[in-house]
Amino acid sequence: MSLNVHHLELFYFVAKFEGITEAVRKMPYGIQQPAVSGQISQLEKSLGLKLFHRRPFALTPAGEELYDYVYPFFSQLDQVGGRLRGEETQHLRLAASAAVLRNHLPQVLQAVRSDFPDLRLTLREVKSTEIEAALQKQEADVAVTILHRKTAPGLTSIKLLELPQVLLVPKNAPITKFREVVAKAEGPLISQPLITLPPNEQLSLLFQAGLKKRDLQWDPSMEVSEVGLIERYVSDGFGYGITLNIPGIAWPKTVRAIRLPAADFAPVVVGVLHMGNLKAVGNRFVKVAQAYAKELMKAA
DNA sequence: CAATGATGCTGTCAGAGCAC
DNA sequence: GTGCTCTGACAGCATCATTG
């Protein structure tokens with residue numbers, strides 16, 4: 001025997017407002033207390049069990065379970081209506097790395113907000129390896145991330161800028177060029193401690209590809225989850241780090257950045273990813289991000 | 001095919017029952 | 001007594017089977 005959805009809706013309000021009378025007062029439409037009481041009785045009768053104790057109000061275990069089940073549906077009905085009516089046009093859900101969210105998006109979003117005064121934002125920190133999945137699951141509208149040669153089907157990528165790979169060394173390190181590191185190596189093996197992102201990150205892949213081209217081997221001794229940590233541990237003397245040179249962003253005084261030869265160590269491409277067609281606010285975001293990237297490159 | 005009546009569901013109003 | 005809940009009587013509406 002299936003449950004009556006109208007009964008479930010009334011039960012949702014009764015459980016939410018903790019009582020029949022309170023539910024009647026606060027419900028978004030007019031209904032009298034006896035009607036609610038009667039409908040709830042029918043629901044309980046059809047289930048063959050009590051859903052809540054009346055006075056004082058308390059959900060029974062069965063009531064708790066049913067409330068947990070119906071809550072996500074009824075609590076989001078208003079928002080769904082708004083979305084269907086197109087009232088969500090000024091909502092932008094963004095996915096990006098922590099570094100991008102912290103260092104770059106504030107300025108870009110400031111500009112977007114001047115065109116969309118009612119802009120509502122959802123910013124989500126997502127690892128670059130999980131960003132495509134987040135877009136495909138519709139958990140975000142747009143992502144700013146490192147682009148691969150191949151993006152997942154259905155995704156559109158827009159290139160913003162290319163960032164050169166750099167070797168980050170402590171300020172007092174006795175080298176100024178990458179070839180000096182190589183010169184100190186015993187054969188192809190570089191033994192200097194190395195700090196990198198996880199091996200499946202695009203930056204790590206491109207760096208290892210560059211080493212391979214030069215028949216070098218340099219295995220990381222320390223793996224960190226975000227580029228900000230590389231700076232930190234390099235300046236604390238844990239080793240040299242592989243990171244990106246972002247124009248306009250100054251390095252801490254405790255480290256120095258050494259450019260890796262671009263011929264072998266390909267720059268990392270950063271861009272915007274999205275699925276399907278973007279709303280106006282999404283398109284505006286892309287335009288502003290492109291302008292911002294252009295300014296950054298000029299500053300380089 | 002349209003009209004009719006039975007049935008079921010949900011609603012209101014008035015008022016009774018009950019706990020504090 | 002007060003406030004909350006339930007019960008009973010009755011109305012409006014939709015559906016469905018029956019009837020002419």
# chains A, B, ... in the order shown; residues from 1 in each chain; ligands from 1
>>> closest_atom_pairs(of="chain A", to="chain C", cutoff="9 Å", atoms="only C-alpha atoms (C1' of nucleotides)", output="JSON lines")
{"residue": "A:Ile20", "atom": "CA", "partner": "C:DT5", "partner_atom": "C1'", "distance": 8.2}
{"residue": "A:Thr21", "atom": "CA", "partner": "C:DC4", "partner_atom": "C1'", "distance": 7.1}
{"residue": "A:Gln33", "atom": "CA", "partner": "C:DT5", "partner_atom": "C1'", "distance": 8.7}
{"residue": "A:Pro34", "atom": "CA", "partner": "C:DC6", "partner_atom": "C1'", "distance": 7.7}
{"residue": "A:Ser37", "atom": "CA", "partner": "C:DC6", "partner_atom": "C1'", "distance": 7.5}
{"residue": "A:Gly38", "atom": "CA", "partner": "C:DC6", "partner_atom": "C1'", "distance": 8.4}
{"residue": "A:Arg54", "atom": "CA", "partner": "C:DT5", "partner_atom": "C1'", "distance": 7.9}
{"residue": "A:Arg55", "atom": "CA", "partner": "C:DC4", "partner_atom": "C1'", "distance": 8.0}
>>> write_last_selection(atoms="all heavy atoms", output="mmCIF file, in the first residue's frame")
data_model
loop_
_atom_site.group_PDB
_atom_site.id
_atom_site.type_symbol
_atom_site.label_atom_id
_atom_site.label_comp_id
_atom_site.auth_asym_id
_atom_site.auth_seq_id
_atom_site.Cartn_x
_atom_site.Cartn_y
_atom_site.Cartn_z
ATOM 1 N N ILE A 20 0.812 19.817 15.768
ATOM 2 C CA ILE A 20 -0.233 20.067 14.782
ATOM 3 C C ILE A 20 -0.639 21.541 14.774
ATOM 4 O O ILE A 20 -0.687 22.191 13.735
ATOM 5 C CB ILE A 20 -1.450 19.160 15.066
ATOM 6 C CG1 ILE A 20 -1.057 17.693 14.839
ATOM 7 C CG2 ILE A 20 -2.623 19.540 14.176
ATOM 8 C CD1 ILE A 20 -2.154 16.694 15.152
ATOM 9 N N THR A 21 -0.903 22.090 15.956
ATOM 10 C CA THR A 21 -1.358 23.485 16.040
ATOM 11 C C THR A 21 -0.305 24.441 15.499
ATOM 12 O O THR A 21 -0.607 25.361 14.731
ATOM 13 C CB THR A 21 -1.676 23.836 17.505
ATOM 14 O OG1 THR A 21 -2.643 22.911 17.979
ATOM 15 C CG2 THR A 21 -2.214 25.232 17.614
ATOM 16 N N GLN A 33 -6.908 23.008 11.832
ATOM 17 C CA GLN A 33 -6.275 21.972 12.657
ATOM 18 C C GLN A 33 -6.934 20.588 12.525
ATOM 19 O O GLN A 33 -6.230 19.582 12.396
ATOM 20 C CB GLN A 33 -6.247 22.447 14.117
ATOM 21 C CG GLN A 33 -5.718 21.436 15.093
ATOM 22 C CD GLN A 33 -6.813 20.553 15.629
ATOM 23 O OE1 GLN A 33 -7.922 21.010 15.863
ATOM 24 N NE2 GLN A 33 -6.509 19.269 15.788
ATOM 25 N N PRO A 34 -8.273 20.479 12.548
ATOM 26 C CA PRO A 34 -8.876 19.148 12.456
ATOM 27 C C PRO A 34 -8.526 18.422 11.156
ATOM 28 O O PRO A 34 -8.405 17.195 11.143
ATOM 29 C CB PRO A 34 -10.374 19.439 12.520
ATOM 30 C CG PRO A 34 -10.477 20.733 13.219
ATOM 31 C CD PRO A 34 -9.295 21.522 12.763
ATOM 32 N N SER A 37 -5.082 17.052 11.688
ATOM 33 C CA SER A 37 -5.191 15.961 12.658
ATOM 34 C C SER A 37 -5.737 14.697 11.992
ATOM 35 O O SER A 37 -5.211 13.601 12.177
ATOM 36 C CB SER A 37 -6.103 16.418 13.791
ATOM 37 O OG SER A 37 -6.157 15.446 14.795
ATOM 38 N N GLY A 38 -6.810 14.882 11.226
ATOM 39 C CA GLY A 38 -7.430 13.752 10.558
ATOM 40 C C GLY A 38 -6.522 13.094 9.552
ATOM 41 O O GLY A 38 -6.408 11.860 9.499
ATOM 42 N N ARG A 54 1.887 13.026 20.993
ATOM 43 C CA ARG A 54 1.213 14.321 20.872
ATOM 44 C C ARG A 54 1.720 15.349 21.881
ATOM 45 O O ARG A 54 2.276 16.358 21.512
ATOM 46 C CB ARG A 54 -0.287 14.117 21.013
ATOM 47 C CG ARG A 54 -1.046 13.824 19.706
ATOM 48 C CD ARG A 54 -0.347 12.901 18.753
ATOM 49 N NE ARG A 54 -1.150 12.644 17.542
ATOM 50 C CZ ARG A 54 -0.852 11.761 16.618
ATOM 51 N NH1 ARG A 54 0.251 11.041 16.740
ATOM 52 N NH2 ARG A 54 -1.610 11.587 15.555
ATOM 53 N N ARG A 55 1.466 15.083 23.134
ATOM 54 C CA ARG A 55 1.820 16.111 24.127
ATOM 55 C C ARG A 55 2.604 15.480 25.246
ATOM 56 O O ARG A 55 2.017 14.693 25.988
ATOM 57 C CB ARG A 55 0.539 16.785 24.647
ATOM 58 C CG ARG A 55 -0.226 17.473 23.565
ATOM 59 C CD ARG A 55 -1.564 17.943 24.070
ATOM 60 N NE ARG A 55 -1.407 19.046 25.011
ATOM 61 C CZ ARG A 55 -2.445 19.622 25.619
ATOM 62 N NH1 ARG A 55 -3.649 19.186 25.414
ATOM 63 N NH2 ARG A 55 -2.245 20.609 26.434
#
>>> interface_residues(of="chain B", to="chain A", cutoff="9 Å", atoms="only C-alpha atoms (C1' of nucleotides)", output="PyMOL selection string")
chain B and resi 10-12+19
>>> closest_residue(among="A:Ser97, A:Gln202, A:Gln165, A:Ser191", to="Glu226 of chain A", atoms="only C-alpha atoms")
A:Ser97
>>> residues_around(residues="Asp264 of chain A", least_positions_apart="3", cutoff="7 Å", atoms="only C-alpha atoms (C1' of nucleotides)", output="JSON, numbers by chain")
{"A": [210, 213, 261]}
>>> select_by_dssp(residues="segment 42-220 of chain A", states="strand (DSSP E or B)", output="ChimeraX atom specification")
/A:52-53,58-59,91-96,120-125,142-146,155-163,165-170,186,189,194-196,217
>>> select_by_dssp(residues="segment 76-172 of chain A", states="helix (DSSP H, G or I)", output="PDB file with C-alpha atoms, in the first residue's frame")
ATOM      1  CA  LEU A  77      10.303  22.630  -3.059  1.00  0.00           C
ATOM      2  CA  ASP A  78      10.491  26.431  -2.855  1.00  0.00           C
ATOM      3  CA  GLN A  79      13.949  26.538  -4.372  1.00  0.00           C
ATOM      4  CA  VAL A  80      13.000  24.149  -7.150  1.00  0.00           C
ATOM      5  CA  GLY A  81      10.074  26.392  -8.024  1.00  0.00           C
ATOM      6  CA  GLY A  82      12.373  29.383  -8.197  1.00  0.00           C
ATOM      7  CA  ARG A  83      14.809  27.506 -10.390  1.00  0.00           C
ATOM      8  CA  LEU A  84      12.065  26.395 -12.774  1.00  0.00           C
ATOM      9  CA  ALA A  98      42.053  26.686  -2.840  1.00  0.00           C
ATOM     10  CA  ALA A  99      44.816  28.844  -4.298  1.00  0.00           C
ATOM     11  CA  VAL A 100      42.642  30.115  -7.139  1.00  0.00           C
ATOM     12  CA  LEU A 101      39.685  30.740  -4.844  1.00  0.00           C
ATOM     13  CA  ARG A 102      41.866  32.698  -2.445  1.00  0.00           C
ATOM     14  CA  ASN A 103      44.200  34.600  -4.753  1.00  0.00           C
ATOM     15  CA  LEU A 105      38.653  34.851  -7.874  1.00  0.00           C
ATOM     16  CA  PRO A 106      37.906  37.688  -5.432  1.00  0.00           C
ATOM     17  CA  GLN A 107      38.924  40.265  -8.016  1.00  0.00           C
ATOM     18  CA  VAL A 108      37.173  38.516 -10.890  1.00  0.00           C
ATOM     19  CA  LEU A 109      33.968  38.072  -8.919  1.00  0.00           C
ATOM     20  CA  GLN A 110      34.028  41.671  -7.796  1.00  0.00           C
ATOM     21  CA  ALA A 111      33.769  42.678 -11.452  1.00  0.00           C
ATOM     22  CA  VAL A 112      31.027  40.124 -12.178  1.00  0.00           C
ATOM     23  CA  ARG A 113      29.048  41.448  -9.225  1.00  0.00           C
ATOM     24  CA  SER A 114      29.021  44.960 -10.631  1.00  0.00           C
ATOM     25  CA  ASP A 115      27.012  43.619 -13.602  1.00  0.00           C
ATOM     26  CA  SER A 128      42.033  19.534  -9.945  1.00  0.00           C
ATOM     27  CA  THR A 129      41.756  15.783 -10.464  1.00  0.00           C
ATOM     28  CA  GLU A 130      38.123  15.832  -9.317  1.00  0.00           C
ATOM     29  CA  ILE A 131      36.919  18.968 -11.047  1.00  0.00           C
ATOM     30  CA  GLU A 132      35.660  17.328 -14.239  1.00  0.00           C
ATOM     31  CA  ALA A 133      33.598  14.884 -12.224  1.00  0.00           C
ATOM     32  CA  ALA A 134      32.094  17.729 -10.178  1.00  0.00           C
ATOM     33  CA  LEU A 135      30.995  19.507 -13.362  1.00  0.00           C
ATOM     34  CA  GLN A 136      29.534  16.346 -14.851  1.00  0.00           C
TER      35      GLN A 136
END
>>> residues_around(residues="Gln290 of chain A", least_positions_apart="5", cutoff="9 Å", atoms="only C-alpha atoms (C1' of nucleotides)", output="number ranges by chain")
A: 158-161, 271, 285, 295
>>> residues_around(residues="Leu123 of chain A", least_positions_apart="3", cutoff="8 Å", atoms="only C-alpha atoms (C1' of nucleotides)", output="ChimeraX atom specification")
/A:93-96,101
>>> atom_distance(atom1="atom CA of Phe207 of chain A", atom2="atom CA of Glu180 of chain A")
17.1 Å
>>> closest_residue(among="A:Phe17, A:Tyr29, A:Phe178, A:Phe73", to="Leu260 of chain A", atoms="only C-alpha atoms")
A:Phe178
>>> residues_around(residues="Lys253 of chain A", least_positions_apart="3", cutoff="10 Å", atoms="only C-alpha atoms (C1' of nucleotides)", output="number ranges by chain")
A: 170-171, 235, 250, 256
>>> atom_distance(atom1="atom CA of Asp118 of chain A", atom2="atom CA of Ser157 of chain A")
26.8 Å
